[in-house]
$ cat target_21.txt   # compact mmCIF, C-alpha atoms and all ligand atoms
# COMPACT_ATOMS: atom_id res chain seq x y z
CA MET A 1 0.00 0.00 0.00
CA VAL A 2 1.39 3.40 -0.96
CA TYR A 3 -0.69 6.42 0.08
CA GLY A 4 -3.76 4.22 0.19
CA HIS A 5 -3.34 2.95 -3.37
CA ASP A 6 -3.39 -0.77 -3.94
CA LEU A 7 -0.22 -1.66 -5.78
CA SER A 8 0.78 -5.10 -6.82
CA GLY A 9 3.40 -6.91 -8.86
CA SER A 10 5.35 -4.69 -11.20
CA ASP A 11 3.78 -1.49 -9.80
CA GLU A 12 5.23 -2.31 -6.42
CA ARG A 13 8.69 -2.97 -7.84
CA VAL A 14 8.62 0.40 -9.63
CA VAL A 15 7.69 2.16 -6.39
CA GLU A 16 10.47 0.38 -4.52
CA ALA A 17 12.96 1.48 -7.18
CA LEU A 18 11.70 5.05 -6.94
CA LEU A 19 12.04 5.03 -3.15
CA VAL A 20 15.66 3.91 -3.50
CA GLN A 21 16.30 6.76 -5.94
CA LEU A 22 14.64 9.27 -3.63
CA SER A 23 16.43 8.28 -0.44
CA GLY A 24 18.74 11.01 0.77
CA ARG A 25 17.18 13.66 -1.47
CA ASP A 26 15.57 16.85 -0.26
CA VAL A 27 12.01 15.57 -0.05
CA GLU A 28 10.95 18.73 1.77
CA ALA A 29 10.91 20.43 -1.62
CA ARG A 30 8.05 18.08 -2.47
CA ARG A 31 6.22 18.88 0.78
CA PRO A 32 3.21 20.72 -0.71
CA TRP A 33 2.33 17.71 -2.87
CA LEU A 34 2.83 15.30 0.02
CA ASP A 35 0.60 17.52 2.14
CA VAL A 36 -2.15 17.26 -0.45
CA ILE A 37 -1.92 13.46 -0.32
CA ALA A 38 -2.03 13.52 3.50
CA VAL A 39 -5.04 15.86 3.50
CA ARG A 40 -6.88 13.58 1.07
CA GLU A 41 -6.12 10.54 3.23
CA ARG A 42 -7.35 12.33 6.37
CA ARG A 43 -10.49 13.43 4.58
CA ARG A 44 -11.24 9.90 3.40
CA ALA A 45 -10.69 8.57 6.93
CA ALA A 46 -13.15 11.18 8.29
CA ILE A 47 -15.70 10.30 5.61
CA ARG A 48 -15.30 6.60 6.43
CA GLU A 49 -16.49 7.37 9.99
CA ARG A 50 -19.58 9.18 8.69
CA ALA A 51 -20.42 6.93 5.75
CA PRO A 52 -18.59 3.59 5.94
CA ASP A 53 -20.74 1.86 3.31
CA ALA A 54 -20.21 4.69 0.84
CA VAL A 55 -16.44 4.66 1.26
CA ALA A 56 -16.27 0.85 1.07
CA THR A 57 -18.38 0.88 -2.10
CA LEU A 58 -16.36 3.66 -3.72
CA GLU A 59 -13.08 1.97 -2.80
CA GLY A 60 -14.39 -1.32 -4.17
CA LEU A 61 -15.38 0.38 -7.42
CA ARG A 62 -11.92 1.94 -7.63
CA ARG A 63 -10.38 -1.52 -7.30
CA ILE A 64 -12.40 -3.09 -10.10
CA LEU A 65 -12.49 -0.11 -12.51
CA PRO A 66 -9.49 0.63 -14.68
CA ASP A 67 -8.03 4.09 -14.12
CA GLU A 68 -9.48 5.41 -17.40
CA ALA A 69 -13.05 4.27 -16.61
CA LEU A 70 -15.60 7.10 -16.52
CA VAL A 71 -17.86 7.47 -13.48
CA PHE A 72 -21.02 9.61 -13.61
CA ASN A 73 -22.89 10.54 -10.44
CA ASP A 74 -26.25 11.83 -9.37
CA ILE A 75 -26.68 13.24 -5.87
CA ASN A 76 -27.32 10.30 -3.56
CA GLY A 77 -26.17 8.81 -0.28
CA ILE A 78 -23.28 6.92 -1.89
CA ALA A 79 -22.18 9.16 -4.75
CA CYS A 80 -22.35 12.41 -2.78
CA TRP A 81 -19.28 11.19 -0.85
CA GLY A 82 -17.36 10.46 -4.01
CA ALA A 83 -16.02 13.98 -4.45
CA GLY A 84 -14.14 13.47 -1.20
CA ALA A 85 -13.58 9.75 -1.12
CA PHE A 86 -13.22 8.44 -4.67
CA ILE A 87 -9.63 8.12 -5.80
CA CYS A 88 -9.19 9.60 -9.28
CA ARG A 89 -6.06 8.71 -11.19
CA ARG A 90 -6.91 10.37 -14.52
CA PRO A 91 -8.40 13.79 -15.23
CA ARG A 92 -12.05 13.99 -16.31
CA THR A 93 -12.87 10.46 -15.12
CA PHE A 94 -15.15 11.43 -12.20
CA HIS A 95 -18.22 13.50 -13.09
CA TYR A 96 -20.34 14.97 -10.33
CA PRO A 97 -22.91 17.72 -10.95
CA ILE A 98 -21.84 19.86 -8.02
CA GLY A 99 -23.55 23.27 -7.87
CA PHE A 100 -26.84 22.66 -9.67
CA GLY A 101 -26.67 19.09 -8.33
CA CYS A 102 -29.10 18.05 -11.02
CA LEU A 103 -30.69 14.69 -10.40
CA GLY A 104 -31.09 12.62 -13.54
CA PHE A 105 -27.70 13.69 -14.88
CA ALA A 106 -25.82 10.45 -14.39
CA LEU A 107 -27.47 7.99 -16.80
CA PRO A 108 -27.85 10.23 -19.90
CA ALA A 109 -24.38 11.67 -19.35
CA ALA A 110 -22.97 8.16 -19.06
CA ILE A 111 -24.71 7.13 -22.29
CA GLY A 112 -23.21 10.12 -24.11
CA ALA A 113 -19.78 9.39 -22.67
CA LYS A 114 -19.91 5.74 -23.69
CA LEU A 115 -20.83 6.74 -27.24
CA ALA A 116 -17.79 9.05 -27.26
CA ARG A 117 -15.46 6.56 -25.55
CA PRO A 118 -16.70 3.06 -26.35
CA ASP A 119 -13.26 1.74 -25.42
CA VAL A 120 -13.56 2.44 -21.67
CA PRO A 121 -16.05 1.21 -19.03
CA VAL A 122 -18.68 3.82 -18.10
CA VAL A 123 -20.70 3.61 -14.90
CA ALA A 124 -23.62 5.74 -13.66
CA LEU A 125 -24.18 5.88 -9.89
CA CYS A 126 -27.83 6.76 -9.21
CA GLY A 127 -30.24 6.77 -6.29
CA ASP A 128 -33.73 5.36 -6.65
CA GLY A 129 -35.24 8.87 -6.68
CA GLY A 130 -32.74 10.38 -9.10
CA PHE A 131 -32.84 7.38 -11.42
CA LEU A 132 -36.53 7.99 -12.03
CA PHE A 133 -35.72 11.47 -13.38
CA SER A 134 -34.13 9.98 -16.49
CA GLY A 135 -34.20 6.17 -16.23
CA HIS A 136 -36.27 5.95 -19.41
CA GLU A 137 -33.03 6.73 -21.26
CA LEU A 138 -32.37 3.01 -20.91
CA ALA A 139 -34.49 2.88 -24.06
CA THR A 140 -31.82 4.91 -25.87
CA ALA A 141 -29.05 2.75 -24.44
CA VAL A 142 -30.78 -0.44 -25.59
CA GLN A 143 -31.72 0.98 -28.99
CA GLU A 144 -28.18 2.20 -29.69
CA ASP A 145 -26.56 -0.77 -27.92
CA VAL A 146 -24.59 1.42 -25.53
CA GLY A 147 -22.82 -0.68 -22.89
CA VAL A 148 -23.21 1.53 -19.84
CA VAL A 149 -23.60 0.11 -16.34
CA ALA A 150 -26.25 1.86 -14.24
CA VAL A 151 -26.25 1.29 -10.48
CA VAL A 152 -29.40 2.16 -8.53
CA PHE A 153 -28.81 2.58 -4.79
CA ASN A 154 -32.29 2.00 -3.41
CA ASP A 155 -33.33 3.33 0.01
CA HIS A 156 -36.96 3.85 -1.10
CA ALA A 157 -36.61 7.58 -0.43
CA TYR A 158 -35.06 10.86 -1.33
CA GLY A 159 -32.81 9.65 1.46
CA THR A 160 -30.23 12.43 1.72
CA ILE A 161 -33.04 14.99 1.84
CA LYS A 162 -34.90 12.91 4.41
CA ALA A 163 -31.79 12.71 6.63
CA ASP A 164 -31.23 16.46 6.18
CA GLN A 165 -34.83 17.21 7.19
CA GLY A 166 -34.62 14.85 10.18
CA TYR A 167 -31.47 16.61 11.33
CA ARG A 168 -32.92 20.12 11.10
CA TYR A 169 -36.42 19.24 12.29
CA PRO A 170 -36.02 16.19 14.53
CA ALA A 171 -38.44 13.36 13.81
CA ARG A 172 -40.06 15.23 10.92
CA SER A 173 -39.74 14.74 7.21
CA LEU A 174 -42.00 15.64 4.34
CA GLY A 175 -42.35 14.28 0.83
CA CYS A 176 -39.29 12.04 1.02
CA ASP A 177 -40.54 8.45 1.14
CA LEU A 178 -40.87 6.79 -2.25
CA ARG A 179 -42.65 3.70 -3.45
CA SER A 180 -39.98 2.47 -5.79
CA PRO A 181 -40.75 0.33 -8.78
CA ASP A 182 -38.97 -2.98 -9.18
CA PHE A 183 -35.91 -1.54 -10.93
CA VAL A 184 -34.73 -4.92 -12.20
CA ARG A 185 -38.01 -5.58 -13.99
CA TYR A 186 -38.14 -1.94 -15.14
CA ALA A 187 -34.75 -2.28 -16.82
CA GLU A 188 -35.60 -5.67 -18.26
CA ALA A 189 -38.74 -4.18 -19.77
CA PHE A 190 -36.48 -1.96 -21.89
CA GLY A 191 -34.36 -4.96 -22.88
CA ALA A 192 -31.42 -4.24 -20.58
CA ARG A 193 -29.69 -6.88 -18.49
CA ALA A 194 -30.49 -6.30 -14.81
CA TRP A 195 -30.14 -7.92 -11.45
CA GLY A 196 -30.17 -7.06 -7.76
CA VAL A 197 -27.60 -7.59 -5.03
CA ASP A 198 -28.51 -7.81 -1.35
CA SER A 199 -25.84 -5.45 -0.02
CA VAL A 200 -24.41 -2.20 -1.25
CA ARG A 201 -20.95 -3.61 -0.65
CA LYS A 202 -21.59 -6.23 -3.35
CA VAL A 203 -21.98 -3.49 -5.98
CA PRO A 204 -18.33 -3.48 -7.10
CA GLU A 205 -18.28 -7.19 -7.95
CA ALA A 206 -21.63 -6.83 -9.71
CA VAL A 207 -20.29 -3.91 -11.77
CA ALA A 208 -17.22 -5.98 -12.63
CA ALA A 209 -19.52 -8.76 -13.86
CA ALA A 210 -21.65 -6.29 -15.86
CA MET A 211 -18.53 -4.94 -17.57
CA GLN A 212 -17.93 -8.37 -19.08
CA HIS A 213 -21.01 -8.01 -21.28
CA ASP A 214 -21.98 -5.83 -24.21
CA GLY A 215 -25.08 -3.68 -24.00
CA PRO A 216 -26.55 -1.79 -21.05
CA SER A 217 -26.87 -3.28 -17.57
CA LEU A 218 -28.57 -2.19 -14.37
CA ILE A 219 -27.69 -3.27 -10.84
CA GLU A 220 -30.02 -2.52 -7.94
CA ALA A 221 -28.69 -2.51 -4.38
CA PRO A 222 -30.18 -1.56 -1.01
CA CYS A 223 -28.40 1.32 0.67
CA PRO A 224 -28.44 2.99 4.09
CA GLN A 225 -29.56 6.58 4.72
CA VAL A 226 -26.85 8.80 6.16
CA LEU A 227 -26.52 12.53 6.79
CA PRO A 228 -25.16 14.04 3.57
CA PRO A 229 -21.83 15.92 3.52
CA TRP A 230 -23.42 19.36 3.07
CA ILE A 231 -24.73 19.21 6.65
CA GLU A 232 -21.16 19.06 7.91
CA ALA A 233 -20.23 21.93 5.61
CA GLU A 234 -22.97 24.10 7.10
CA GLU A 235 -22.45 23.08 10.70
CA GLY A 236 -18.78 22.76 10.60
C1 LIG B 1 -33.46 18.16 -10.39
C2 LIG B 1 -33.27 18.06 -8.91
N1 LIG B 1 -34.36 18.07 -8.11
C3 LIG B 1 -34.20 18.00 -6.76
C4 LIG B 1 -32.96 17.95 -6.21
C5 LIG B 1 -32.79 17.90 -4.69
N2 LIG B 1 -32.25 16.63 -4.25
C6 LIG B 1 -30.93 16.46 -3.97
S1 LIG B 1 -30.56 14.92 -3.45
C7 LIG B 1 -32.18 14.45 -3.57
C8 LIG B 1 -32.58 13.05 -3.20
C9 LIG B 1 -32.20 12.05 -4.25
O1 LIG B 1 -32.80 10.82 -3.94
P1 LIG B 1 -32.13 9.49 -4.46
O2 LIG B 1 -31.72 9.63 -5.87
O3 LIG B 1 -33.05 8.37 -4.12
O4 LIG B 1 -30.80 9.40 -3.60
P2 LIG B 1 -30.71 9.23 -1.99
O5 LIG B 1 -30.59 10.62 -1.45
O6 LIG B 1 -31.94 8.53 -1.53
O7 LIG B 1 -29.49 8.40 -1.74
C10 LIG B 1 -33.00 15.50 -4.02
C11 LIG B 1 -34.46 15.41 -4.21
C12 LIG B 1 -31.86 17.96 -7.08
N3 LIG B 1 -30.61 17.91 -6.62
N4 LIG B 1 -32.03 18.01 -8.42
MG MG B 2 -32.99 7.13 -2.49
$ encode --input "target_21.txt" --output "structure tokens" --more "lines below"
Ligand SMILES: Cc1ncc(C[n+]2csc(CCOP(=O)(O)OP(=O)(O)O)c2C)c(N)n1
Ligand SMILES: [Mg+2]
Amino acid sequence: MVYGHDLSGSDERVVEALLVQLSGRDVEARRPWLDVIAVRERRRAAIRERAPDAVATLEGLRRILPDEALVFNDINGIACWGAGAFICRRPRTFHYPIGFGCLGFALPAAIGAKLARPDVPVVALCGDGGFLFSGHELATAVQEDVGVVAVVFNDHAYGTIKADQGYRYPARSLGCDLRSPDFVRYAEAFGARAWGVDSVRKVPEAVAAAMQHDGPSLIEAPCPQVLPPWIEAEEG
């Protein structure tokens, strides 16, 4: 492990050779960059305390996705931690609609990206609420045979909003519970391959399996509701 990155085989030998070359040099000159790495590690550790399932899922995805894979996010209880916890190794590989935070972004954006870069895996990370803003674009993906992988994290709610409301107005929430459709059957109705897993932590292996096939896939997983990061930003 080097700075939290999983290295194996030849990667590890390269790092060992680099460390030999660096020994005795003035590493202080590199301090600002090392500080950035340390800050990122501390931030991920703090996020792990708040949202352990999210960090485990994002780390698992990082392990199974090649560095050049493209990840598209809606705002949901897993993906909203990605800006702090997902390890990016290539520019423009992690897409998160910060600012407008527009739900429904992830799947259509992923379809467009896969059309532009058919050579790399493309994954959309959606919540059950956000997926219903644009999930019908599975029709486009099937029609054009676009091999995106859509993940639906299902907590049967606008869960981050529900947790936010519960925090500000204890024991009260309004308009947040959702009666989700059966997302597997929904996707299959469009002609996509779809299946469910019984734990959010099984999402990475399911995404790895989906990447072995052509055409669009959907994976549905249960997920916990946690206070979203913007609460900390306001309170903190
Ligand atoms: C177009 C749009 N409408 C409303 C919102 C406000 N909003 C932010 S997160 C969220 C809940 C999303 O629910 P879901 O996709 O199920 O993810 P969860 O929070 O449950 O993990 C909502 C409604 C938004 N960001 N964008
Ligand atoms: Mg939800």
$ closest_atom_pairs --input "target_21.txt" --of "region 175-211 of chain A" --to "region 124-130 of chain A" --cutoff "10 Å" --atoms "all atoms listed in the file" --output "tab-separated table"
residue	atom	partner	partner_atom	distance
A:Cys176	CA	A:Gly129	CA	9.3
A:Asp177	CA	A:Gly129	CA	9.5
A:Leu178	CA	A:Gly129	CA	7.5
A:Arg179	CA	A:Gly129	CA	9.6
A:Ser180	CA	A:Asp128	CA	6.9
A:Pro181	CA	A:Asp128	CA	8.9
A:Phe183	CA	A:Asp128	CA	8.4
$ closest_atom_pairs --input "target_21.txt" --of "chain A" --to "ligand LIG 1 (chain B)" --cutoff "6 Å" --atoms "all atoms listed in the file" --output "JSON lines"
{"residue": "A:Ile75", "atom": "CA", "partner": "B:LIG1", "partner_atom": "S1", "distance": 4.9}
{"residue": "A:Asn76", "atom": "CA", "partner": "B:LIG1", "partner_atom": "O7", "distance": 3.4}
{"residue": "A:Gly77", "atom": "CA", "partner": "B:LIG1", "partner_atom": "O7", "distance": 3.6}
{"residue": "A:Gly101", "atom": "CA", "partner": "B:LIG1", "partner_atom": "N3", "distance": 4.5}
{"residue": "A:Cys102", "atom": "CA", "partner": "B:LIG1", "partner_atom": "N4", "distance": 3.9}
{"residue": "A:Leu103", "atom": "CA", "partner": "B:LIG1", "partner_atom": "N4", "distance": 4.1}
{"residue": "A:Cys126", "atom": "CA", "partner": "B:LIG1", "partner_atom": "O2", "distance": 5.9}
{"residue": "A:Gly127", "atom": "CA", "partner": "B:LIG1", "partner_atom": "O2", "distance": 3.2}
{"residue": "A:Asp128", "atom": "CA", "partner": "B:LIG1", "partner_atom": "O3", "distance": 4.0}
{"residue": "A:Gly129", "atom": "CA", "partner": "B:LIG1", "partner_atom": "O3", "distance": 3.4}
{"residue": "A:Gly130", "atom": "CA", "partner": "B:LIG1", "partner_atom": "O2", "distance": 3.5}
{"residue": "A:Asp155", "atom": "CA", "partner": "B:LIG1", "partner_atom": "O6", "distance": 5.6}
{"residue": "A:Ala157", "atom": "CA", "partner": "B:LIG1", "partner_atom": "O6", "distance": 4.9}
{"residue": "A:Tyr158", "atom": "CA", "partner": "B:LIG1", "partner_atom": "O1", "distance": 3.5}
{"residue": "A:Gly159", "atom": "CA", "partner": "B:LIG1", "partner_atom": "O6", "distance": 3.3}
{"residue": "A:Thr160", "atom": "CA", "partner": "B:LIG1", "partner_atom": "O5", "distance": 3.7}
{"residue": "A:Ile161", "atom": "CA", "partner": "B:LIG1", "partner_atom": "C8", "distance": 5.4}
$ closest_residue --input "target_21.txt" --among "A:Gly175, A:Gly191, A:Gly147, A:Pro66" --to "Ile111 (chain A)" --atoms "all atoms listed in the file"
A:Gly147
$ closest_residue --input "target_21.txt" --among "A:Trp81, A:Val55, A:Ala113, A:Arg50" --to "Ile98 (chain A)" --atoms "all atoms listed in the file"
A:Trp81
$ closest_residue --input "target_21.txt" --among "A:Ala110, A:Pro222, A:Ala51, A:Arg90" --to "Asn73 (chain A)" --atoms "only C-alpha atoms"
A:Ala110
$ residues_around --input "target_21.txt" --residues "Arg185 (chain A)" --least-positions-apart "6" --cutoff "12 Å" --atoms "all atoms listed in the file" --output "JSON, numbers by chain"
{"A": [191, 192, 193, 194, 195, 196, 217, 218, 219, 220]}
$ closest_residue --input "target_21.txt" --among "A:Leu174, A:Ala17, A:Val197, A:Ala106" --to "Phe72 (chain A)" --atoms "only C-alpha atoms"
A:Ala106
$ atom_distance --input "target_21.txt" --atom1 "CA of Arg89 (chain A)" --atom2 "CA of Glu28 (chain A)"
23.6 Å
$ residues_around --input "target_21.txt" --residues "Glu59 (chain A)" --least-positions-apart "4" --cutoff "10 Å" --atoms "only C-alpha atoms" --output "PyMOL selection string"
chain A and resi 5+53-55+63-65+82+85-87+201+204
$ closest_residue --input "target_21.txt" --among "A:Ala163, A:Val184, A:Ala79, A:Val148" --to "Val122 (chain A)" --atoms "all atoms listed in the file"
A:Val148
$ closest_residue --input "target_21.txt" --among "A:Arg25, A:Arg31, A:His156, A:Arg172" --to "ligand MG 2 (chain B)" --atoms "all atoms listed in the file"
A:His156
$ atom_distance --input "target_21.txt" --atom1 "CA of Thr57 (chain A)" --atom2 "CA of Val207 (chain A)"
11.0 Å
$ atom_distance --input "target_21.txt" --atom1 "CA of Val20 (chain A)" --atom2 "CA of Val36 (chain A)"
22.5 Å
$ axis_aligned_box --input "target_21.txt" --around "region 78-81 of chain A" --padding-each-side "8 Å" --output "lines of an AutoDock Vina configuration file"
center_x = -21.3
center_y = 9.7
center_z = -2.8
size_x = 20.0
size_y = 21.5
size_z = 19.9
$ residues_around --input "target_21.txt" --residues "Gly84 (chain A)" --least-positions-apart "5" --cutoff "12 Å" --atoms "only C-alpha atoms" --output "JSON, numbers by chain"
{"A": [39, 40, 41, 42, 43, 44, 45, 46, 47, 48, 51, 54, 55, 58, 59, 78, 79, 94, 96, 229, 230]}
$ decode --input "target_21.txt" --residues "region 68-125 of chain A" --atoms "C-alpha atoms" --output "PDB file, in the first residue's frame"
ATOM      1  CA  GLU A  68      -9.476   5.406 -17.400  1.00  0.00           C
ATOM      2  CA  ALA A  69     -13.047   4.274 -16.613  1.00  0.00           C
ATOM      3  CA  LEU A  70     -15.605   7.097 -16.521  1.00  0.00           C
ATOM      4  CA  VAL A  71     -17.863   7.469 -13.481  1.00  0.00           C
ATOM      5  CA  PHE A  72     -21.022   9.614 -13.607  1.00  0.00           C
ATOM      6  CA  ASN A  73     -22.888  10.538 -10.442  1.00  0.00           C
ATOM      7  CA  ASP A  74     -26.255  11.833  -9.371  1.00  0.00           C
ATOM      8  CA  ILE A  75     -26.678  13.235  -5.873  1.00  0.00           C
ATOM      9  CA  ASN A  76     -27.322  10.300  -3.562  1.00  0.00           C
ATOM     10  CA  GLY A  77     -26.173   8.809  -0.282  1.00  0.00           C
ATOM     11  CA  ILE A  78     -23.281   6.923  -1.886  1.00  0.00           C
ATOM     12  CA  ALA A  79     -22.180   9.157  -4.754  1.00  0.00           C
ATOM     13  CA  CYS A  80     -22.348  12.409  -2.781  1.00  0.00           C
ATOM     14  CA  TRP A  81     -19.281  11.194  -0.853  1.00  0.00           C
ATOM     15  CA  GLY A  82     -17.361  10.465  -4.012  1.00  0.00           C
ATOM     16  CA  ALA A  83     -16.018  13.978  -4.451  1.00  0.00           C
ATOM     17  CA  GLY A  84     -14.138  13.475  -1.197  1.00  0.00           C
ATOM     18  CA  ALA A  85     -13.579   9.748  -1.116  1.00  0.00           C
ATOM     19  CA  PHE A  86     -13.221   8.439  -4.671  1.00  0.00           C
ATOM     20  CA  ILE A  87      -9.630   8.119  -5.803  1.00  0.00           C
ATOM     21  CA  CYS A  88      -9.189   9.601  -9.284  1.00  0.00           C
ATOM     22  CA  ARG A  89      -6.064   8.708 -11.195  1.00  0.00           C
ATOM     23  CA  ARG A  90      -6.910  10.372 -14.516  1.00  0.00           C
ATOM     24  CA  PRO A  91      -8.398  13.790 -15.226  1.00  0.00           C
ATOM     25  CA  ARG A  92     -12.048  13.985 -16.311  1.00  0.00           C
ATOM     26  CA  THR A  93     -12.865  10.462 -15.119  1.00  0.00           C
ATOM     27  CA  PHE A  94     -15.145  11.433 -12.205  1.00  0.00           C
ATOM     28  CA  HIS A  95     -18.222  13.497 -13.087  1.00  0.00           C
ATOM     29  CA  TYR A  96     -20.340  14.968 -10.327  1.00  0.00           C
ATOM     30  CA  PRO A  97     -22.912  17.722 -10.945  1.00  0.00           C
ATOM     31  CA  ILE A  98     -21.841  19.861  -8.016  1.00  0.00           C
ATOM     32  CA  GLY A  99     -23.548  23.267  -7.873  1.00  0.00           C
ATOM     33  CA  PHE A 100     -26.839  22.661  -9.672  1.00  0.00           C
ATOM     34  CA  GLY A 101     -26.667  19.087  -8.333  1.00  0.00           C
ATOM     35  CA  CYS A 102     -29.105  18.052 -11.018  1.00  0.00           C
ATOM     36  CA  LEU A 103     -30.694  14.691 -10.403  1.00  0.00           C
ATOM     37  CA  GLY A 104     -31.089  12.623 -13.539  1.00  0.00           C
ATOM     38  CA  PHE A 105     -27.698  13.694 -14.879  1.00  0.00           C
ATOM     39  CA  ALA A 106     -25.821  10.447 -14.394  1.00  0.00           C
ATOM     40  CA  LEU A 107     -27.468   7.991 -16.795  1.00  0.00           C
ATOM     41  CA  PRO A 108     -27.852  10.230 -19.897  1.00  0.00           C
ATOM     42  CA  ALA A 109     -24.376  11.672 -19.352  1.00  0.00           C
ATOM     43  CA  ALA A 110     -22.970   8.160 -19.065  1.00  0.00           C
ATOM     44  CA  ILE A 111     -24.705   7.125 -22.295  1.00  0.00           C
ATOM     45  CA  GLY A 112     -23.206  10.123 -24.109  1.00  0.00           C
ATOM     46  CA  ALA A 113     -19.782   9.391 -22.672  1.00  0.00           C
ATOM     47  CA  LYS A 114     -19.912   5.735 -23.694  1.00  0.00           C
ATOM     48  CA  LEU A 115     -20.828   6.741 -27.243  1.00  0.00           C
ATOM     49  CA  ALA A 116     -17.794   9.051 -27.257  1.00  0.00           C
ATOM     50  CA  ARG A 117     -15.461   6.560 -25.547  1.00  0.00           C
ATOM     51  CA  PRO A 118     -16.699   3.055 -26.353  1.00  0.00           C
ATOM     52  CA  ASP A 119     -13.257   1.739 -25.423  1.00  0.00           C
ATOM     53  CA  VAL A 120     -13.559   2.437 -21.669  1.00  0.00           C
ATOM     54  CA  PRO A 121     -16.049   1.213 -19.029  1.00  0.00           C
ATOM     55  CA  VAL A 122     -18.676   3.823 -18.105  1.00  0.00           C
ATOM     56  CA  VAL A 123     -20.696   3.612 -14.900  1.00  0.00           C
ATOM     57  CA  ALA A 124     -23.620   5.736 -13.665  1.00  0.00           C
ATOM     58  CA  LEU A 125     -24.183   5.882  -9.889  1.00  0.00           C
TER      59      LEU A 125
END
